[in-house]
file coords-v3.pdb (PDB, C-alpha atoms and all ligand atoms)
ATOM      1  CA  MET R  26     -38.420 -23.964  34.495
ATOM      2  CA  LEU R  27     -38.371 -20.738  32.524
ATOM      3  CA  ARG R  28     -35.273 -18.597  33.010
ATOM      4  CA  ILE R  29     -36.028 -14.878  32.741
ATOM      5  CA  GLY R  30     -32.959 -12.656  32.359
ATOM      6  CA  LEU R  31     -33.630  -9.234  33.862
ATOM      7  CA  THR R  32     -31.227  -6.667  32.506
ATOM      8  CA  GLY R  33     -30.821  -2.932  31.929
ATOM      9  CA  GLY R  34     -28.244  -0.207  32.303
ATOM     10  CA  ILE R  35     -26.932   1.118  35.588
ATOM     11  CA  GLY R  36     -29.659   3.050  37.407
ATOM     12  CA  SER R  37     -32.425   1.777  35.131
ATOM     13  CA  GLY R  38     -34.222   0.275  38.131
ATOM     14  CA  LYS R  39     -33.269  -3.420  37.986
ATOM     15  CA  SER R  40     -32.983  -3.852  41.766
ATOM     16  CA  THR R  41     -36.204  -1.917  42.341
ATOM     17  CA  ILE R  42     -38.161  -4.137  39.947
ATOM     18  CA  ALA R  43     -36.461  -7.378  41.027
ATOM     19  CA  SER R  44     -37.615  -6.610  44.573
ATOM     20  CA  ILE R  45     -41.227  -6.364  43.357
ATOM     21  CA  PHE R  46     -40.891  -9.795  41.681
ATOM     22  CA  ALA R  47     -39.462 -11.143  44.939
ATOM     23  CA  GLU R  48     -42.492  -9.773  46.830
ATOM     24  CA  LEU R  49     -44.682 -11.854  44.488
ATOM     25  CA  GLY R  50     -42.698 -14.919  45.481
ATOM     26  CA  ALA R  51     -40.563 -15.269  42.363
ATOM     27  CA  PRO R  52     -37.126 -16.750  43.031
ATOM     28  CA  VAL R  53     -34.576 -14.039  42.260
ATOM     29  CA  ILE R  54     -30.951 -14.900  41.529
ATOM     30  CA  ASP R  55     -28.837 -11.755  41.706
ATOM     31  CA  THR R  56     -25.554 -11.941  39.806
ATOM     32  CA  ASP R  57     -24.390  -8.653  41.358
ATOM     33  CA  ALA R  58     -24.485 -10.342  44.755
ATOM     34  CA  ILE R  59     -22.817 -13.444  43.284
ATOM     35  CA  ALA R  60     -20.101 -11.226  41.763
ATOM     36  CA  ARG R  61     -19.242 -10.061  45.284
ATOM     37  CA  GLU R  62     -19.312 -13.596  46.682
ATOM     38  CA  VAL R  63     -16.871 -15.021  44.121
ATOM     39  CA  VAL R  64     -14.163 -12.508  45.121
ATOM     40  CA  ALA R  65     -14.532 -13.044  48.874
ATOM     41  CA  PRO R  66     -11.408 -14.087  50.804
ATOM     42  CA  GLY R  67     -10.578 -17.734  50.176
ATOM     43  CA  GLU R  68     -12.238 -17.847  46.744
ATOM     44  CA  PRO R  69     -10.085 -19.032  43.803
ATOM     45  CA  ALA R  70     -11.133 -15.969  41.733
ATOM     46  CA  LEU R  71      -9.604 -13.652  44.336
ATOM     47  CA  THR R  72      -6.278 -15.500  44.159
ATOM     48  CA  GLU R  73      -6.379 -15.180  40.356
ATOM     49  CA  ILE R  74      -7.179 -11.474  40.531
ATOM     50  CA  CYS R  75      -4.231 -10.843  42.855
ATOM     51  CA  ARG R  76      -1.938 -12.812  40.548
ATOM     52  CA  SER R  77      -3.094 -10.812  37.506
ATOM     53  CA  PHE R  78      -3.601  -7.326  38.919
ATOM     54  CA  GLY R  79      -1.462  -7.130  42.050
ATOM     55  CA  SER R  80      -1.861  -8.221  45.654
ATOM     56  CA  ASP R  81      -1.835  -4.565  46.739
ATOM     57  CA  LEU R  82      -5.551  -4.708  45.830
ATOM     58  CA  LEU R  83      -6.155  -6.532  49.094
ATOM     59  CA  ARG R  84      -7.165  -4.581  52.171
ATOM     60  CA  PRO R  85      -5.440  -5.347  55.492
ATOM     61  CA  ASP R  86      -8.323  -7.694  56.400
ATOM     62  CA  GLY R  87      -7.748  -9.733  53.213
ATOM     63  CA  SER R  88     -10.841  -8.482  51.377
ATOM     64  CA  LEU R  89     -10.695  -7.103  47.845
ATOM     65  CA  ASP R  90     -10.672  -3.331  47.368
ATOM     66  CA  ARG R  91     -13.232  -3.396  44.571
ATOM     67  CA  ALA R  92     -13.028   0.342  43.886
ATOM     68  CA  ALA R  93      -9.241   0.117  43.439
ATOM     69  CA  LEU R  94      -9.687  -2.859  41.087
ATOM     70  CA  ARG R  95     -12.272  -0.933  39.069
ATOM     71  CA  ARG R  96      -9.876   2.009  38.758
ATOM     72  CA  ARG R  97      -7.135  -0.347  37.579
ATOM     73  CA  VAL R  98      -9.190  -1.956  34.805
ATOM     74  CA  PHE R  99     -11.781   0.668  33.911
ATOM     75  CA  ARG R 100     -10.034   2.470  31.070
ATOM     76  CA  ASP R 101      -8.234  -0.558  29.648
ATOM     77  CA  PRO R 102     -10.406  -2.944  27.583
ATOM     78  CA  ALA R 103      -7.745  -5.685  27.574
ATOM     79  CA  ARG R 104      -7.547  -5.634  31.365
ATOM     80  CA  ARG R 105     -11.315  -5.636  31.629
ATOM     81  CA  ARG R 106     -11.501  -8.711  29.447
ATOM     82  CA  ARG R 107      -8.829 -10.405  31.567
ATOM     83  CA  LEU R 108     -10.799  -9.661  34.723
ATOM     84  CA  GLU R 109     -14.032 -10.928  33.162
ATOM     85  CA  ALA R 110     -12.267 -14.116  32.071
ATOM     86  CA  ILE R 111     -11.605 -14.743  35.773
ATOM     87  CA  THR R 112     -14.942 -13.664  37.251
ATOM     88  CA  HIS R 113     -17.558 -14.605  34.653
ATOM     89  CA  PRO R 114     -17.018 -18.398  34.736
ATOM     90  CA  ALA R 115     -17.107 -18.306  38.548
ATOM     91  CA  ILE R 116     -20.332 -16.258  38.512
ATOM     92  CA  ASP R 117     -21.869 -18.539  35.883
ATOM     93  CA  GLU R 118     -21.068 -21.669  37.877
ATOM     94  CA  ARG R 119     -22.646 -20.284  41.037
ATOM     95  CA  MET R 120     -25.701 -19.005  39.132
ATOM     96  CA  GLN R 121     -26.239 -22.483  37.607
ATOM     97  CA  LYS R 122     -25.902 -24.085  41.045
ATOM     98  CA  GLN R 123     -28.514 -21.731  42.511
ATOM     99  CA  LEU R 124     -30.839 -22.486  39.584
ATOM    100  CA  ALA R 125     -30.368 -26.223  40.009
ATOM    101  CA  ALA R 126     -31.161 -25.921  43.738
ATOM    102  CA  LEU R 127     -34.634 -24.413  43.144
ATOM    103  CA  PRO R 128     -37.632 -26.669  43.799
ATOM    104  CA  GLU R 129     -38.644 -28.716  40.760
ATOM    105  CA  GLN R 130     -42.138 -27.192  40.542
ATOM    106  CA  THR R 131     -40.761 -23.621  40.249
ATOM    107  CA  ALA R 132     -42.462 -22.025  37.229
ATOM    108  CA  TYR R 133     -39.795 -19.460  36.497
ATOM    109  CA  ALA R 134     -36.696 -17.894  37.968
ATOM    110  CA  LEU R 135     -35.622 -14.305  37.574
ATOM    111  CA  LEU R 136     -31.918 -13.973  36.857
ATOM    112  CA  VAL R 137     -30.755 -10.394  37.415
ATOM    113  CA  ILE R 138     -27.839 -10.009  35.000
ATOM    114  CA  PRO R 139     -26.801  -6.362  34.499
ATOM    115  CA  LEU R 140     -24.203  -7.215  31.835
ATOM    116  CA  LEU R 141     -26.247  -9.898  30.063
ATOM    117  CA  LEU R 142     -25.527  -8.537  26.582
ATOM    118  CA  GLU R 143     -21.976  -7.402  27.298
ATOM    119  CA  ALA R 144     -21.108 -10.881  28.593
ATOM    120  CA  GLY R 145     -22.920 -12.589  25.690
ATOM    121  CA  TRP R 146     -25.080 -14.586  28.100
ATOM    122  CA  GLN R 147     -28.237 -14.582  25.969
ATOM    123  CA  ASP R 148     -28.089 -18.391  25.874
ATOM    124  CA  ARG R 149     -28.230 -18.584  29.696
ATOM    125  CA  VAL R 150     -31.855 -17.390  29.641
ATOM    126  CA  ASP R 151     -35.104 -18.188  27.815
ATOM    127  CA  ARG R 152     -36.466 -14.625  27.777
ATOM    128  CA  ILE R 153     -34.957 -11.195  28.275
ATOM    129  CA  LEU R 154     -36.829  -8.624  30.360
ATOM    130  CA  LEU R 155     -35.348  -5.163  29.875
ATOM    131  CA  ILE R 156     -35.724  -2.346  32.361
ATOM    132  CA  ASP R 157     -35.367   0.755  30.235
ATOM    133  CA  CYS R 158     -35.188   4.507  30.751
ATOM    134  CA  PRO R 159     -33.472   7.462  29.066
ATOM    135  CA  GLU R 160     -29.750   7.827  29.782
ATOM    136  CA  THR R 161     -30.280  11.228  31.403
ATOM    137  CA  VAL R 162     -32.565   9.549  33.957
ATOM    138  CA  GLN R 163     -29.976   6.811  34.585
ATOM    139  CA  VAL R 164     -27.337   9.458  35.265
ATOM    140  CA  GLN R 165     -29.583  11.466  37.631
ATOM    141  CA  ARG R 166     -30.460   8.330  39.615
ATOM    142  CA  VAL R 167     -26.887   7.077  39.890
ATOM    143  CA  VAL R 168     -25.611  10.506  40.940
ATOM    144  CA  SER R 169     -28.185  10.738  43.707
ATOM    145  CA  ARG R 170     -27.974   7.051  44.739
ATOM    146  CA  ASP R 171     -24.167   6.726  44.770
ATOM    147  CA  GLY R 172     -23.099  10.345  45.267
ATOM    148  CA  ILE R 173     -20.748  10.296  42.276
ATOM    149  CA  GLU R 174     -20.002  13.062  39.751
ATOM    150  CA  PRO R 175     -22.285  13.263  36.682
ATOM    151  CA  GLU R 176     -19.327  12.850  34.323
ATOM    152  CA  ASP R 177     -18.363   9.579  36.025
ATOM    153  CA  ALA R 178     -21.961   8.402  35.799
ATOM    154  CA  TRP R 179     -22.006   9.261  32.085
ATOM    155  CA  ARG R 180     -18.756   7.326  31.591
ATOM    156  CA  MET R 181     -20.315   4.255  33.218
ATOM    157  CA  VAL R 182     -23.474   4.563  31.131
ATOM    158  CA  ARG R 183     -21.438   4.896  27.922
ATOM    159  CA  SER R 184     -19.230   1.905  28.751
ATOM    160  CA  GLN R 185     -22.312  -0.354  28.735
ATOM    161  CA  ALA R 186     -24.362  -1.727  25.822
ATOM    162  CA  SER R 187     -26.441   0.893  24.015
ATOM    163  CA  ARG R 188     -30.159   1.342  24.631
ATOM    164  CA  ASP R 189     -30.798   0.322  21.021
ATOM    165  CA  ALA R 190     -28.875  -2.923  21.376
ATOM    166  CA  ARG R 191     -30.738  -3.751  24.579
ATOM    167  CA  ARG R 192     -34.145  -2.973  23.121
ATOM    168  CA  GLN R 193     -33.400  -5.156  20.099
ATOM    169  CA  ALA R 194     -32.456  -8.083  22.304
ATOM    170  CA  ALA R 195     -35.393  -7.725  24.697
ATOM    171  CA  ASP R 196     -38.522  -9.891  24.652
ATOM    172  CA  ASP R 197     -40.279  -7.752  27.267
ATOM    173  CA  VAL R 198     -39.664  -4.157  28.352
ATOM    174  CA  ILE R 199     -40.644  -2.238  31.465
ATOM    175  CA  GLU R 200     -40.423   1.481  30.775
ATOM    176  CA  ASN R 201     -39.077   2.812  34.058
ATOM    177  CA  ASP R 202     -38.565   6.451  33.146
ATOM    178  CA  GLY R 203     -40.150   7.622  36.382
ATOM    179  CA  SER R 204     -43.588   8.309  34.940
ATOM    180  CA  LEU R 205     -45.017   5.237  36.690
ATOM    181  CA  ASP R 206     -45.587   5.236  40.414
ATOM    182  CA  ARG R 207     -44.864   2.187  42.534
ATOM    183  CA  ALA R 208     -48.440   0.858  42.210
ATOM    184  CA  GLU R 209     -48.272   1.058  38.408
ATOM    185  CA  LEU R 210     -44.886  -0.637  38.313
ATOM    186  CA  THR R 211     -46.229  -3.345  40.600
ATOM    187  CA  ALA R 212     -49.195  -3.846  38.243
ATOM    188  CA  GLN R 213     -46.800  -4.316  35.305
ATOM    189  CA  VAL R 214     -44.756  -6.803  37.274
ATOM    190  CA  HIS R 215     -47.959  -8.677  38.180
ATOM    191  CA  THR R 216     -48.890  -8.939  34.480
ATOM    192  CA  LEU R 217     -45.448 -10.270  33.557
ATOM    193  CA  ASP R 218     -45.474 -12.678  36.500
ATOM    194  CA  ARG R 219     -48.748 -14.148  35.194
ATOM    195  CA  CYS R 220     -47.366 -14.362  31.625
ATOM    196  CA  TYR R 221     -44.252 -16.171  32.796
ATOM    197  CA  ARG R 222     -46.260 -18.619  34.915
ATOM    198  CA  ASP R 223     -48.579 -19.309  31.953
ATOM    199  CA  ALA R 224     -45.656 -19.730  29.558
ATOM    200  CA  ALA R 225     -43.958 -22.124  31.956
ATOM    201  CA  GLY R 226     -47.029 -24.108  32.809
TER     202      GLY R 226
HETATM  203  P1  LIG U 301     -30.215  -0.541  39.091
HETATM  204  O1  LIG U 301     -30.385  -1.740  39.990
HETATM  205  O2  LIG U 301     -30.682  -0.787  37.692
HETATM  206  O3  LIG U 301     -28.830   0.068  39.104
HETATM  207  P2  LIG U 301     -31.940   0.756  41.043
HETATM  208  O4  LIG U 301     -33.125  -0.145  41.126
HETATM  209  O5  LIG U 301     -30.944   0.711  42.151
HETATM  210  O6  LIG U 301     -31.202   0.584  39.626
HETATM  211  O7  LIG U 301     -32.492   2.234  40.860
HETATM  212  C1  LIG U 301     -31.581   3.333  40.845
HETATM  213  C2  LIG U 301     -32.106   4.429  41.751
HETATM  214  O8  LIG U 301     -33.269   4.987  41.166
HETATM  215  C3  LIG U 301     -32.502   3.916  43.125
HETATM  216  O9  LIG U 301     -32.159   4.911  44.075
HETATM  217  C4  LIG U 301     -34.022   3.746  43.019
HETATM  218  O10 LIG U 301     -34.664   3.941  44.258
HETATM  219  C5  LIG U 301     -34.396   4.847  42.019
HETATM  220  N1  LIG U 301     -35.546   4.476  41.186
HETATM  221  C6  LIG U 301     -35.690   3.359  40.447
HETATM  222  N2  LIG U 301     -36.869   3.345  39.795
HETATM  223  C7  LIG U 301     -37.502   4.485  40.130
HETATM  224  C8  LIG U 301     -38.779   5.074  39.785
HETATM  225  N3  LIG U 301     -39.645   4.479  38.958
HETATM  226  N4  LIG U 301     -39.104   6.275  40.334
HETATM  227  C9  LIG U 301     -38.223   6.881  41.171
HETATM  228  N5  LIG U 301     -37.014   6.402  41.532
HETATM  229  C10 LIG U 301     -36.644   5.225  41.017
END

call {"tool": "encode", "arguments": {"input": "coords-v3.pdb", "output": "structure tokens", "more": "lines below"}}
Ligand code: ADP
result
Amino acid sequence: MLRIGLTGGIGSGKSTIASIFAELGAPVIDTDAIAREVVAPGEPALTEICRSFGSDLLRPDGSLDRAALRRRVFRDPARRRRLEAITHPAIDERMQKQLAALPEQTAYALLVIPLLLEAGWQDRVDRILLIDCPETVQVQRVVSRDGIEPEDAWRMVRSQASRDARRQAADDVIENDGSLDRAELTAQVHTLDRCYRDAAG
């Protein structure tokens, strides 16, 4: 089974394009969703996070206040690394389990991994599909999707891998700068879907 790592910066359109692959029947494993699961109440990673960053990060119902955690680690690279050392192995383990549970005849699986390069997970995938767009477009989309301030959106964009680094690592690129309508994007996804099936089969 071919493992396709779908990556791209915040607001590039990863979820949008992953949903088109899913419509074509491709199995999609979403590490953003897994990242939320591994810090759910009762999970070992949540206990570790409380031990490292303070149990005041828990809400009264026992769930993690993810925004408060982000604020606590965002500006401090050492803390970010400490948090990733807790969450990344847990995410990886669950991702591998989901992959292993797919039917044997599956041609390829799409692994949506926003921080593929930042985490150094190139070896977890056989091909990298990049969703790319200019940073100004990322910022506009994130501001309107999440209702945050442009300067916060810029900070998030700048904290991630550069466009250059992503384009160098990519095997395939979907240019999602907004110039393509949904039908054109779907056509591109169809082409890639066929390529991946051929490559796998
Ligand atoms: P990501 O998952 O990479 O953070 P999303 O897929 O959530 O990005 O896209 C960010 C926002 O931009 C969403 O509100 C989405 O609807 C919008 N968007 C994505 N691609 C396009 C496009 N080609 N044209 C218009 N809006 C888009």

call {"tool": "axis_aligned_box", "arguments": {"input": "coords-v3.pdb", "around": "ligand LIG 301 (chain U)", "padding_each_side": "8 Å", "output": "lines of an AutoDock Vina configuration file"}}
result
center_x = -34.2
center_y = 2.6
center_z = 41.0
size_x = 26.8
size_y = 24.6
size_z = 22.6

call {"tool": "resolve_selection", "arguments": {"input": "coords-v3.pdb", "expression": "the PyMOL selection byres (((not hetatm)) within 6 of (chain U and resi 301))", "output": "list of chain:residue names"}}
result
R:Gly34, R:Ile35, R:Gly36, R:Ser37, R:Gly38, R:Lys39, R:Ser40, R:Thr41, R:Arg166, R:Arg170, R:Asn201, R:Gly203, R:Leu205

call {"tool": "atom_distance", "arguments": {"input": "coords-v3.pdb", "atom1": "CA of Cys158 in chain R", "atom2": "CA of Asp202 in chain R"}}
result
4.6 Å

call {"tool": "closest_residue", "arguments": {"input": "coords-v3.pdb", "among": "R:Pro139, R:Gly30, R:Pro66, R:Pro159", "to": "Trp179 in chain R", "atoms": "all atoms listed in the file"}}
result
R:Pro159

call {"tool": "closest_residue", "arguments": {"input": "coords-v3.pdb", "among": "R:Ala190, R:Ala93, R:Ala134, R:Ala208", "to": "Phe46 in chain R", "atoms": "only C-alpha atoms"}}
result
R:Ala134

call {"tool": "resolve_selection", "arguments": {"input": "coords-v3.pdb", "expression": "the PyMOL selection byres (((chain R and resi 32) around 7) and not hetatm)", "output": "PyMOL selection string"}}
result
chain R and resi 30-31+33+39+137-139+141+154-156

call {"tool": "atom_distance", "arguments": {"input": "coords-v3.pdb", "atom1": "CA of Ala225 in chain R", "atom2": "CA of Gln193 in chain R"}}
result
23.2 Å

call {"tool": "atom_distance", "arguments": {"input": "coords-v3.pdb", "atom1": "CA of Ser187 in chain R", "atom2": "CA of Ile199 in chain R"}}
result
16.3 Å

call {"tool": "resolve_selection", "arguments": {"input": "coords-v3.pdb", "expression": "the PyMOL selection byres (((chain R and resi 182) around 10) and not hetatm)", "output": "ChimeraX atom specification"}}
result
/R:34-36,160-161,163-164,167,176-181,183-188

call {"tool": "closest_residue", "arguments": {"input": "coords-v3.pdb", "among": "R:Leu140, R:Ile29, R:Ala115, R:Cys220", "to": "Pro69 in chain R", "atoms": "only C-alpha atoms"}}
result
R:Ala115

call {"tool": "closest_residue", "arguments": {"input": "coords-v3.pdb", "among": "R:Leu142, R:Val198, R:Ala70, R:Ala103", "to": "Leu89 in chain R", "atoms": "only C-alpha atoms"}}
result
R:Ala70

call {"tool": "residues_around", "arguments": {"input": "coords-v3.pdb", "residues": "Leu136 in chain R", "least_positions_apart": "5", "cutoff": "12 Å", "atoms": "only C-alpha atoms", "output": "count of residues only"}}
result
37
